[in-house]
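Chemist: Following this line is input_22.txt, made up of compact mmCIF, C-alpha atoms:
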# COMPACT_ATOMS: atom_id res chain seq x y z
CA MET A 1 125.78 -18.41 126.11
CA SER A 2 123.80 -15.15 126.11
CA ALA A 3 125.49 -11.83 125.51
CA ALA A 4 126.19 -9.60 128.49
CA PRO A 5 123.72 -6.74 128.98
CA ALA A 6 124.77 -3.46 127.47
CA ALA A 7 125.69 -0.57 129.71
CA VAL A 8 122.72 1.46 130.88
CA HIS A 9 122.65 4.88 129.22
CA ARG A 10 120.71 7.59 131.02
CA PRO A 11 118.81 10.17 128.97
CA ALA A 12 120.88 13.30 128.49
CA LEU A 13 119.83 16.52 130.19
CA LEU A 14 119.84 19.23 127.52
CA ASP A 15 120.08 22.98 128.12
CA VAL A 16 117.83 24.64 125.52
CA ASP A 17 117.63 28.41 125.05
CA ASP A 18 114.48 30.10 126.32
CA GLY A 19 113.52 31.30 122.85
CA VAL A 20 113.41 27.78 121.36
CA ASP A 21 110.02 26.28 120.54
CA LEU A 22 110.31 23.05 122.51
CA ILE A 23 107.67 21.17 120.54
CA GLU A 24 109.47 21.96 117.28
CA TYR A 25 112.75 21.07 118.97
CA CYS A 26 111.39 17.59 119.77
CA TYR A 27 110.40 17.21 116.12
CA GLU A 28 113.89 18.19 115.01
CA GLN A 29 115.42 15.53 117.25
CA GLY A 30 113.17 12.84 115.74
CA TRP A 31 111.59 12.03 119.11
CA THR A 32 107.97 12.07 117.96
CA ASP A 33 105.60 9.63 116.29
CA GLY A 34 104.64 12.34 113.83
CA LEU A 35 102.29 14.07 116.27
CA PRO A 36 103.29 16.84 118.67
CA VAL A 37 104.69 15.70 122.02
CA VAL A 38 104.84 17.26 125.47
CA PRO A 39 108.42 18.49 126.05
CA PRO A 40 109.98 16.22 128.72
CA THR A 41 111.19 18.86 131.15
CA PRO A 42 113.11 17.66 134.24
CA GLY A 43 110.24 18.41 136.63
CA LYS A 44 107.68 16.47 134.59
CA VAL A 45 110.04 13.49 134.19
CA ALA A 46 110.84 13.49 137.92
CA ALA A 47 107.13 13.41 138.76
CA SER A 48 106.59 10.55 136.33
CA ILE A 49 109.44 8.55 137.89
CA ALA A 50 108.21 9.28 141.41
CA ALA A 51 104.77 7.89 140.55
CA THR A 52 106.32 4.47 139.89
CA GLY A 53 107.98 4.23 143.31
CA ARG A 54 111.08 2.87 141.56
CA SER A 55 114.63 3.99 140.99
CA PRO A 56 115.19 5.85 137.68
CA ASP A 57 118.06 3.47 136.86
CA GLU A 58 116.04 0.30 137.42
CA VAL A 59 116.04 -1.79 134.23
CA VAL A 60 112.51 -2.46 133.00
CA CYS A 61 113.54 -4.71 130.13
CA HIS A 62 116.67 -5.89 128.37
CA TYR A 63 116.10 -5.91 124.62
CA VAL A 64 118.27 -8.84 123.56
CA GLU A 65 118.07 -8.38 119.79
CA ARG A 66 119.45 -4.83 119.95
CA GLN A 67 121.35 -5.10 123.22
CA ARG A 68 119.51 -2.19 124.78
CA ASP A 69 118.45 -1.72 128.39
CA VAL A 70 115.29 0.28 129.01
CA THR A 71 115.08 1.90 132.43
CA VAL A 72 112.28 3.45 134.44
CA GLU A 73 113.67 6.86 133.47
CA HIS A 74 113.51 6.00 129.76
CA VAL A 75 109.88 4.97 130.18
CA ALA A 76 109.08 8.10 132.20
CA VAL A 77 110.53 10.45 129.57
CA ASN A 78 108.41 8.88 126.85
CA ALA A 79 105.32 8.78 129.07
CA VAL A 80 105.64 12.53 129.58
CA MET A 81 106.03 13.12 125.85
CA ALA A 82 102.94 11.01 125.15
CA GLY A 83 100.85 13.19 127.47
CA CYS A 84 100.55 10.73 130.37
CA ARG A 85 99.76 11.99 133.83
CA PRO A 86 102.40 10.76 136.31
CA GLU A 87 100.06 8.14 137.78
CA PHE A 88 99.71 6.48 134.36
CA THR A 89 103.42 5.62 134.23
CA PRO A 90 103.27 2.34 136.24
CA VAL A 91 100.95 0.90 133.59
CA VAL A 92 103.37 1.86 130.83
CA VAL A 93 106.21 0.27 132.81
CA ALA A 94 104.26 -3.00 133.13
CA ILE A 95 103.57 -3.10 129.38
CA VAL A 96 107.24 -2.51 128.55
CA GLU A 97 108.19 -5.25 131.04
CA ALA A 98 105.86 -7.62 129.20
CA ILE A 99 107.37 -6.74 125.82
CA GLY A 100 110.81 -7.58 127.17
CA ALA A 101 109.62 -10.92 128.58
CA ASP A 102 108.83 -12.49 125.19
CA ASP A 103 111.51 -12.55 122.49
CA GLY A 104 108.80 -13.13 119.89
CA LEU A 105 107.52 -9.61 120.44
CA HIS A 106 110.70 -8.35 118.75
CA ALA A 107 108.62 -8.57 115.57
CA LEU A 108 106.60 -5.57 116.75
CA ASN A 109 109.75 -3.48 116.44
CA ALA A 110 111.28 -4.81 113.25
CA THR A 111 108.97 -6.73 110.92
CA THR A 112 107.95 -5.65 107.42
CA GLY A 113 104.42 -6.66 108.40
CA GLY A 114 102.12 -3.99 109.81
CA SER A 115 101.90 -5.45 113.29
CA ALA A 116 100.97 -3.43 116.35
CA LEU A 117 100.87 -3.84 120.09
CA GLY A 118 97.70 -4.89 121.85
CA PHE A 119 97.05 -4.86 125.58
CA VAL A 120 94.15 -5.54 127.93
CA VAL A 121 93.99 -3.70 131.26
CA ASN A 122 92.28 -5.38 134.22
CA GLY A 123 91.84 -4.71 137.92
CA PRO A 124 91.47 -1.64 140.17
CA VAL A 125 93.90 0.48 138.14
CA ARG A 126 91.16 0.91 135.51
CA THR A 127 88.96 2.91 137.85
CA ALA A 128 91.83 4.60 139.68
CA LEU A 129 93.03 6.13 136.39
CA GLY A 130 89.58 6.81 134.99
CA MET A 131 90.10 4.49 132.04
CA ASN A 132 87.33 3.84 129.52
CA TRP A 133 85.92 0.36 128.97
CA ARG A 134 82.68 1.49 127.39
CA GLY A 135 81.86 3.26 124.11
CA ASN A 136 84.70 3.73 121.60
CA VAL A 137 86.99 1.67 123.82
CA PHE A 138 89.39 1.00 120.92
CA GLY A 139 89.32 4.61 119.80
CA PRO A 140 90.12 8.16 120.95
CA GLY A 141 88.54 10.19 123.70
CA ASN A 142 90.05 8.92 126.95
CA ARG A 143 93.37 10.36 128.11
CA ALA A 144 94.62 7.33 130.03
CA ASN A 145 93.71 4.78 127.33
CA SER A 146 95.24 6.84 124.53
CA THR A 147 98.37 8.22 126.17
CA ILE A 148 99.38 4.92 127.78
CA GLY A 149 99.28 3.25 124.37
CA ARG A 150 101.09 6.15 122.75
CA ALA A 151 103.77 6.13 125.45
CA VAL A 152 104.63 2.52 124.63
CA ARG A 153 105.00 3.41 120.95
CA LEU A 154 107.34 6.28 121.84
CA VAL A 155 109.37 3.87 124.01
CA GLN A 156 109.61 1.59 120.97
CA ILE A 157 110.87 4.49 118.84
CA ASN A 158 113.17 6.27 121.27
CA ALA A 159 114.38 3.54 123.65
CA LEU A 160 114.06 0.33 121.62
CA GLY A 161 115.34 1.94 118.43
CA SER A 162 112.31 1.26 116.22
CA VAL A 163 112.53 4.40 114.15
CA PRO A 164 109.88 4.19 111.39
CA GLY A 165 110.17 5.15 107.73
CA ALA A 166 111.98 2.37 105.86
CA GLY A 167 112.88 3.73 102.44
CA ASN A 168 112.76 7.34 103.66
CA GLU A 169 116.17 7.47 105.32
CA SER A 170 117.84 10.86 105.09
CA ALA A 171 121.24 12.26 105.91
CA SER A 172 119.64 14.65 108.40
CA ASP A 173 118.67 11.79 110.72
CA ALA A 174 121.65 9.65 111.62
CA ARG A 175 119.57 7.01 113.42
CA PRO A 176 119.06 3.73 111.57
CA VAL A 177 115.49 3.02 110.49
CA LEU A 178 114.79 -0.29 112.26
CA ASP A 179 110.99 -0.35 112.10
CA ARG A 180 110.77 -1.93 108.64
CA ALA A 181 106.96 -2.00 108.32
CA THR A 182 105.87 -1.92 104.68
CA MET A 183 102.50 -0.30 105.39
CA GLY A 184 102.14 0.04 109.15
CA GLN A 185 98.67 0.60 110.60
CA PRO A 186 96.84 3.22 112.69
CA ALA A 187 97.15 1.10 115.85
CA LYS A 188 100.89 1.77 115.77
CA TYR A 189 100.14 5.23 117.18
CA ALA A 190 98.44 4.24 120.45
CA ALA A 191 98.16 0.43 120.27
CA TYR A 192 94.99 -1.62 120.69
CA HIS A 193 94.25 -0.25 124.15
CA ILE A 194 91.54 -2.54 125.53
CA VAL A 195 90.16 -2.00 129.01
CA GLU A 196 87.86 -4.76 130.25
CA ASN A 197 84.38 -4.18 131.64
CA GLU A 198 84.50 -6.17 134.89
CA GLU A 199 81.48 -4.60 136.54
CA ASP A 200 78.44 -5.41 134.41
CA PHE A 201 78.78 -9.19 133.94
CA PRO A 202 80.22 -10.74 137.12
CA SER A 203 79.60 -14.30 135.86
CA LEU A 204 82.10 -13.65 133.03
CA ALA A 205 85.40 -13.74 134.93
CA PRO A 206 87.84 -10.96 133.97
CA LEU A 207 90.74 -11.95 131.75
CA HIS A 208 93.39 -11.49 134.45
CA VAL A 209 91.48 -13.79 136.84
CA GLU A 210 91.28 -16.45 134.15
CA ARG A 211 95.04 -16.11 133.75
CA GLY A 212 95.68 -16.79 137.44
CA PHE A 213 95.68 -13.36 139.07
CA ALA A 214 93.52 -12.23 141.97
CA PRO A 215 90.55 -9.94 141.24
CA ASP A 216 92.14 -7.08 143.22
CA GLN A 217 95.40 -7.18 141.27
CA SER A 218 95.94 -4.68 138.45
CA VAL A 219 97.25 -6.48 135.38
CA VAL A 220 98.17 -5.79 131.76
CA THR A 221 98.01 -8.59 129.20
CA VAL A 222 100.17 -7.82 126.17
CA PHE A 223 100.33 -9.34 122.68
CA GLY A 224 101.32 -8.52 119.11
CA THR A 225 98.60 -8.37 116.47
CA GLY A 226 98.34 -7.91 112.75
CA GLY A 227 95.00 -6.20 113.17
CA HIS A 228 91.34 -6.85 113.87
CA VAL A 229 88.07 -7.70 112.18
CA GLN A 230 84.54 -6.75 113.22
CA TRP A 231 81.51 -9.01 112.81
CA SER A 232 77.83 -8.27 113.34
CA VAL A 233 75.81 -10.75 115.40
CA HIS A 234 72.67 -8.64 115.74
CA HIS A 235 70.29 -11.34 114.50
CA GLU A 236 71.70 -14.22 116.57
CA ALA A 237 69.29 -14.85 119.44
CA THR A 238 71.14 -17.56 121.40
CA ALA A 239 74.67 -18.27 122.54
CA GLU A 240 74.84 -21.20 120.12
CA GLU A 241 73.82 -18.98 117.22
CA VAL A 242 76.43 -16.37 118.13
CA ILE A 243 79.13 -19.04 118.24
CA GLY A 244 77.94 -20.48 114.92
CA THR A 245 78.22 -17.13 113.15
CA LEU A 246 81.56 -16.21 114.67
CA ALA A 247 83.02 -19.63 113.90
CA HIS A 248 81.82 -19.42 110.29
CA TYR A 249 83.67 -16.15 109.75
CA MET A 250 86.73 -17.27 111.70
CA VAL A 251 87.12 -20.46 109.70
CA HIS A 252 87.10 -18.43 106.50
CA SER A 253 89.43 -15.72 107.77
CA GLY A 254 92.64 -17.47 106.72
CA GLN A 255 93.64 -17.54 110.39
CA LEU A 256 93.39 -21.24 111.25
CA ARG A 257 96.59 -22.28 112.97
CA ARG A 258 98.39 -25.13 114.70
CA ALA A 259 99.45 -22.88 117.59
CA GLY A 260 98.95 -19.34 118.78
CA PHE A 261 96.09 -17.29 120.17
CA CYS A 262 93.08 -15.20 119.28
CA VAL A 263 91.62 -12.28 121.26
CA VAL A 264 87.82 -11.95 121.12
CA VAL A 265 86.25 -8.75 122.46
CA LEU A 266 82.55 -9.04 123.23
CA PRO A 267 80.36 -5.93 123.45
CA PRO A 268 77.79 -5.81 126.27
CA GLU A 269 74.89 -6.54 123.92
CA THR A 270 76.50 -9.87 123.01
CA ALA A 271 77.77 -10.60 126.52
CA GLU A 272 74.17 -10.36 127.72
CA VAL A 273 73.21 -13.24 125.41
CA PHE A 274 75.88 -15.50 126.86
CA VAL A 275 75.02 -14.57 130.45
CA ARG A 276 71.30 -15.09 129.87
CA ASP A 277 72.00 -18.55 128.44
CA GLY A 278 74.19 -19.48 131.41
CA TRP A 279 77.54 -19.52 129.62
CA ALA A 280 80.87 -18.74 131.28
CA LYS A 281 83.96 -17.58 129.40
CA ALA A 282 85.31 -21.13 129.53
CA ASP A 283 82.23 -22.26 127.58
CA ILE A 284 82.77 -19.53 124.99
CA ARG A 285 86.43 -20.45 124.53
CA GLN A 286 85.72 -24.15 124.20
CA ALA A 287 82.81 -23.63 121.81
CA LEU A 288 84.80 -21.33 119.51
CA PHE A 289 87.73 -23.72 119.50
CA ASP A 290 85.55 -26.75 118.74
CA ALA A 291 83.52 -24.97 116.07
CA THR A 292 86.61 -23.75 114.22
CA THR A 293 88.61 -26.98 114.39
CA ARG A 294 89.32 -28.53 111.00
CA SER A 295 91.73 -31.13 109.70
CA VAL A 296 94.86 -29.92 107.96
CA ALA A 297 93.63 -31.91 104.97
CA TRP A 298 90.40 -29.86 104.92
CA ALA A 299 92.34 -26.61 105.10
CA LYS A 300 94.61 -27.61 102.23
CA ARG A 301 91.77 -28.90 100.04
CA ASN A 302 89.89 -25.64 100.55
CA GLY A 303 92.89 -23.52 99.67
CA TRP A 304 93.62 -21.98 103.07
CA THR A 305 96.99 -20.92 104.41
CA LEU A 306 97.99 -22.63 107.64
CA THR A 307 99.11 -19.59 109.58
CA GLY A 308 101.39 -21.48 111.93
CA GLY A 309 103.88 -19.87 109.54
CA LEU A 310 103.00 -16.39 108.28
CA MET A 311 104.27 -17.06 104.80
CA ASP A 312 103.09 -20.62 104.27
CA ARG A 313 101.94 -21.38 100.75
CA ARG A 314 98.18 -21.41 100.30
CA GLY A 315 96.76 -24.90 99.97
CA GLY A 316 99.42 -27.51 99.30
CA ALA A 317 99.50 -31.22 98.67
CA VAL A 318 97.57 -33.37 101.15
CA VAL A 319 99.60 -36.13 102.78
CA PRO A 320 98.13 -38.99 104.89
CA ALA A 321 99.09 -37.38 108.21
CA ASP A 322 97.01 -34.30 107.33
CA GLU A 323 93.75 -36.19 107.87
CA ASP A 324 94.42 -36.51 111.61
CA ALA A 325 96.29 -33.23 112.18
CA ARG A 326 94.14 -30.36 113.38
CA VAL A 327 94.06 -26.58 113.07
CA ALA A 328 91.71 -24.11 114.75
CA ILE A 329 91.40 -20.42 115.50
CA ALA A 330 93.96 -20.88 118.31
CA GLY A 331 96.31 -23.55 119.59
CA SER A 332 93.94 -24.61 122.38
CA PRO A 333 90.72 -23.43 124.03
CA GLU A 334 92.82 -21.63 126.66
CA ASP A 335 94.46 -19.62 123.88
CA VAL A 336 91.12 -18.07 122.92
CA LEU A 337 91.24 -14.94 125.10
CA VAL A 338 87.87 -13.34 125.78
CA ALA A 339 87.31 -9.82 127.09
CA VAL A 340 84.16 -7.72 127.50
CA ALA A 341 84.27 -4.06 126.48
CA GLY A 342 82.41 -1.44 124.51
CA GLY A 343 79.26 0.66 124.53
CA PRO A 344 75.85 -0.72 125.56
CA ALA A 345 74.35 -0.73 122.05
CA GLY A 346 75.66 -2.65 119.07
CA ALA A 347 76.33 -6.39 118.74
CA PHE A 348 79.67 -5.96 117.01
CA VAL A 349 82.20 -8.61 118.07
CA HIS A 350 85.87 -7.86 117.40
CA ALA A 351 88.61 -10.44 116.95
CA LEU A 352 92.33 -9.70 116.98
CA PHE A 353 94.68 -12.19 115.39
CA PRO A 354 98.32 -12.73 116.39
CA TYR A 355 101.46 -11.54 114.71
CA ALA A 356 104.43 -13.40 116.20
CA GLY A 357 105.20 -13.74 119.88
CA GLY A 358 102.93 -14.92 122.64
CA VAL A 359 100.68 -13.44 125.29
CA VAL A 360 102.33 -12.00 128.41
CA SER A 361 100.58 -10.76 131.56
CA ARG A 362 102.28 -8.52 134.11
CA GLU A 363 101.03 -7.03 137.33
CA VAL A 364 101.04 -3.23 137.50
CA GLN A 365 103.20 -2.31 140.48
CA MET A 366 101.65 0.75 142.06
CA PRO A 367 103.58 2.52 144.86
CA LYS A 368 102.13 2.00 148.30
CA GLU A 369 100.41 4.84 150.15
CA GLY A 370 102.97 7.18 151.67
CA ALA A 371 105.90 5.64 149.81
For this file, produce the structure as structure tokens.
Modeler:
Amino acid sequence: MSAAPAAVHRPALLDVDDGVDLIEYCYEQGWTDGLPVVPPTPGKVAASIAATGRSPDEVVCHYVERQRDVTVEHVAVNAVMAGCRPEFTPVVVAIVEAIGADDGLHALNATTGGSALGFVVNGPVRTALGMNWRGNVFGPGNRANSTIGRAVRLVQINALGSVPGAGNESASDARPVLDRATMGQPAKYAAYHIVENEEDFPSLAPLHVERGFAPDQSVVTVFGTGGHVQWSVHHEATAEEVIGTLAHYMVHSGQLRRAGFCVVVLPPETAEVFVRDGWAKADIRQALFDATTRSVAWAKRNGWTLTGGLMDRRGGAVVPADEDARVAIAGSPEDVLVAVAGGPAGAFVHALFPYAGGVVSREVQMPKEGA
């Protein structure tokens, strides 16, 4: 029997003297990620809530492990602090909904591993918000990409209770430190914010369409990741050669698994090779899965960890059943998620590997005109 949801607590409205530096005040309260935040004044928060077309008390997700309810108002406050424009807030809400839909994503908020959030944005919302799917797509420079990712991190800190700094607890901050990451990683600031290029390669169906949504729906696809690797495929002239090189590196990445997913982000220079050779994303997924499939016996004999369990022992004794059991870069071809993004020059393919939890897609609910 599941526990009853906790009572919904609304953010308190604080009366701060005019002479107080509000940015420093936010630091003193522990509300930041270490960088300055925009003070969440009532007018800014109200505008952020209004942009969602939802009630401020509507529960976006119920965080079972910590018995916390996160409301639209909670999300709006943190979106303001992250620097989001009001119209960005529905995307943040959809991402938080997705986090709450998969209990495995609790690891993002608590693990000692340095996991971070990753999300792919698809559909009309990309252009409506002026998001970047071209050069430096993973990096800084675009307000919507960066602040949406940062807003989710602030929600994790301030609403989900994932205060960072294990080992640095002090009497001045009474909040428990529940983000137990040993090292963390830079993506914990603004997530892996990936926006897909849907315009330049129409034969490569967008990720949200492959996952069952209509092309005109705006969708976020959310996952937890331990990080990414980048591989050069500049000298590979055919689709088969690209797959061969990627599979070679993937097999030797220590990421072969019995279940789970892999996210592969193709830059335009590489996407052009697949399109020219008549490949669809389904062909890419199947080819990567087939080319990385090995027997469990092979993996053990070659000293690889089977990452179906993050802390499995490397290698291990081979038993008869291992000859027929299989591991690959993902649990199935459908679990190899492919997105196109990045600048026009540079054949650098990126792969993001999972860290607990699954992949969750949620439609971004934008308020209707005149609502």
Chemist: Counting only C-alpha atoms, give me one row per residue of range 235-278 of chain A with an atom at most 8 Å from an atom of range 320-344 of chain A, showing the shortest contact pair and its distance in Å to one decimal, sorted by chain then residue number, as a tab-separated table.
Modeler:
residue	atom	partner	partner_atom	distance
A:Met250	CA	A:Ile329	CA	6.8
A:Val251	CA	A:Ile329	CA	7.2
A:Gln255	CA	A:Ile329	CA	6.3
A:Leu256	CA	A:Ile329	CA	4.8
A:Arg257	CA	A:Val327	CA	5.0
A:Arg258	CA	A:Val327	CA	4.8
A:Ala259	CA	A:Gly331	CA	3.8
A:Gly260	CA	A:Gly331	CA	5.0
A:Phe261	CA	A:Ala330	CA	4.6
A:Cys262	CA	A:Val336	CA	5.0
A:Val263	CA	A:Leu337	CA	4.7
A:Val264	CA	A:Val338	CA	4.9
A:Val265	CA	A:Ala339	CA	4.9
A:Leu266	CA	A:Val340	CA	4.8
A:Pro267	CA	A:Gly342	CA	5.0
A:Pro268	CA	A:Pro344	CA	5.5
A:Glu269	CA	A:Pro344	CA	6.1
A:Ala271	CA	A:Val340	CA	7.1
Chemist: Emit the selected residues as a short mmCIF file (atom, residue, chain, number, x, y, z; two decimals), keeping the file's coordinate frame, including C-alpha atoms.
Modeler:
data_model
loop_
_atom_site.label_atom_id
_atom_site.label_comp_id
_atom_site.auth_asym_id
_atom_site.auth_seq_id
_atom_site.Cartn_x
_atom_site.Cartn_y
_atom_site.Cartn_z
CA MET A 250 86.73 -17.27 111.70
CA VAL A 251 87.12 -20.46 109.70
CA GLN A 255 93.64 -17.54 110.39
CA LEU A 256 93.39 -21.24 111.25
CA ARG A 257 96.59 -22.28 112.97
CA ARG A 258 98.39 -25.13 114.70
CA ALA A 259 99.45 -22.88 117.59
CA GLY A 260 98.95 -19.34 118.78
CA PHE A 261 96.09 -17.29 120.17
CA CYS A 262 93.08 -15.20 119.28
CA VAL A 263 91.62 -12.28 121.26
CA VAL A 264 87.82 -11.95 121.12
CA VAL A 265 86.25 -8.75 122.46
CA LEU A 266 82.55 -9.04 123.23
CA PRO A 267 80.36 -5.93 123.45
CA PRO A 268 77.79 -5.81 126.27
CA GLU A 269 74.89 -6.54 123.92
CA ALA A 271 77.77 -10.60 126.52
#
Chemist: What are the closest atom pairs, with distances in Å to one decimal, for all residues of range 103-188 of chain A lying within 10 Å of range 54-64 of chain A? Consider only C-alpha atoms, order rows by chain and residue number, and present the result as a tab-separated table.
Modeler:
residue	atom	partner	partner_atom	distance
A:Asp103	CA	A:Val64	CA	7.8
A:His106	CA	A:Tyr63	CA	8.3
A:Ala159	CA	A:Tyr63	CA	9.7
A:Leu160	CA	A:Tyr63	CA	7.2
Chemist: Can you pull out every residue within 6 Å of range 35-50 of chain A, counting all atoms listed in the file, but drop anything in the same chain fewer than 3 positions away, and send it as number ranges by chain?
Modeler: A: 53, 76-77, 80-82, 86
Chemist: What separation in Å, quoted to one decimal, exists between CA of Phe223 in chain A and CA of Pro367 in chain A?
Modeler: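 Spanning CA of Phe223 in chain A to CA of Pro367 in chain A is a straight-line distance of 25.4 Å.
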Chemist: Kindly indicate which residue among A:Ala191, A:Leu306, A:Leu129, A:Val163 lies nearest to Arg294 in chain A, using all atoms listed in the file for the distances.
Modeler: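 Looking only at the distances to Arg294 in chain A, the closest residue turns out to be A:Leu306.
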Chemist: Suppose you want the space between CA of Thr292 in chain A and CA of Val229 in chain A; what is it in Å?
Modeler: 16.2 Å
Chemist: Mind giving me the straight-line distance from CA of Ile99 in chain A to CA of Leu117 in chain A in Å, one decimal?
Modeler: 9.1 Å
Chemist: So which one's closest to Leu204 in chain A, A:Pro354, A:Gly316, A:Gly278, A:Gly113? Using only C-alpha atoms, please.
Modeler: A:Gly278
Chemist: Between A:Gly130, A:Gly244, A:Gly30, A:Gly141, which has the minimum distance to Leu154 in chain A (counting only C-alpha atoms)?
Modeler: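 Counting only C-alpha atoms, the residue closest to Leu154 in chain A is A:Gly30.
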Chemist: Could N, CA, C and O atoms be built for range 101-112 of chain A and written out as a PDB file, in the coordinates of the input?
Modeler:
ATOM      1  N   ALA A 101     109.670  -9.550 128.059  1.00  0.00           N
ATOM      2  CA  ALA A 101     109.620 -10.920 128.580  1.00  0.00           C
ATOM      3  C   ALA A 101     109.397 -11.951 127.493  1.00  0.00           C
ATOM      4  O   ALA A 101     109.485 -13.148 127.758  1.00  0.00           O
ATOM      5  N   ASP A 102     109.100 -11.542 126.276  1.00  0.00           N
ATOM      6  CA  ASP A 102     108.830 -12.490 125.190  1.00  0.00           C
ATOM      7  C   ASP A 102     109.635 -12.077 123.971  1.00  0.00           C
ATOM      8  O   ASP A 102     109.350 -11.058 123.334  1.00  0.00           O
ATOM      9  N   ASP A 103     110.653 -12.895 123.622  1.00  0.00           N
ATOM     10  CA  ASP A 103     111.510 -12.550 122.490  1.00  0.00           C
ATOM     11  C   ASP A 103     110.729 -12.449 121.193  1.00  0.00           C
ATOM     12  O   ASP A 103     111.124 -11.726 120.272  1.00  0.00           O
ATOM     13  N   GLY A 104     109.594 -13.166 121.111  1.00  0.00           N
ATOM     14  CA  GLY A 104     108.800 -13.130 119.890  1.00  0.00           C
ATOM     15  C   GLY A 104     108.211 -11.770 119.600  1.00  0.00           C
ATOM     16  O   GLY A 104     107.890 -11.457 118.446  1.00  0.00           O
ATOM     17  N   LEU A 105     108.072 -10.940 120.638  1.00  0.00           N
ATOM     18  CA  LEU A 105     107.520  -9.610 120.440  1.00  0.00           C
ATOM     19  C   LEU A 105     108.515  -8.654 119.796  1.00  0.00           C
ATOM     20  O   LEU A 105     108.179  -7.503 119.511  1.00  0.00           O
ATOM     21  N   HIS A 106     109.727  -9.127 119.542  1.00  0.00           N
ATOM     22  CA  HIS A 106     110.700  -8.350 118.750  1.00  0.00           C
ATOM     23  C   HIS A 106     110.098  -7.980 117.400  1.00  0.00           C
ATOM     24  O   HIS A 106     110.406  -6.915 116.841  1.00  0.00           O
ATOM     25  N   ALA A 107     109.219  -8.845 116.870  1.00  0.00           N
ATOM     26  CA  ALA A 107     108.620  -8.570 115.570  1.00  0.00           C
ATOM     27  C   ALA A 107     107.870  -7.247 115.549  1.00  0.00           C
ATOM     28  O   ALA A 107     107.797  -6.574 114.516  1.00  0.00           O
ATOM     29  N   LEU A 108     107.312  -6.845 116.695  1.00  0.00           N
ATOM     30  CA  LEU A 108     106.600  -5.570 116.750  1.00  0.00           C
ATOM     31  C   LEU A 108     107.513  -4.398 116.409  1.00  0.00           C
ATOM     32  O   LEU A 108     107.046  -3.345 115.984  1.00  0.00           O
ATOM     33  N   ASN A 109     108.799  -4.570 116.625  1.00  0.00           N
ATOM     34  CA  ASN A 109     109.750  -3.480 116.440  1.00  0.00           C
ATOM     35  C   ASN A 109     110.525  -3.558 115.132  1.00  0.00           C
ATOM     36  O   ASN A 109     111.270  -2.629 114.821  1.00  0.00           O
ATOM     37  N   ALA A 110     110.368  -4.633 114.376  1.00  0.00           N
ATOM     38  CA  ALA A 110     111.280  -4.810 113.250  1.00  0.00           C
ATOM     39  C   ALA A 110     110.637  -5.345 111.980  1.00  0.00           C
ATOM     40  O   ALA A 110     111.183  -5.150 110.898  1.00  0.00           O
ATOM     41  N   THR A 111     109.500  -6.011 112.058  1.00  0.00           N
ATOM     42  CA  THR A 111     108.970  -6.730 110.920  1.00  0.00           C
ATOM     43  C   THR A 111     108.535  -5.819 109.768  1.00  0.00           C
ATOM     44  O   THR A 111     108.184  -4.651 109.979  1.00  0.00           O
ATOM     45  N   THR A 112     108.520  -6.367 108.562  1.00  0.00           N
ATOM     46  CA  THR A 112     107.950  -5.650 107.420  1.00  0.00           C
ATOM     47  C   THR A 112     106.432  -5.698 107.441  1.00  0.00           C
ATOM     48  O   THR A 112     105.770  -4.939 106.736  1.00  0.00           O
TER      49      THR A 112
END
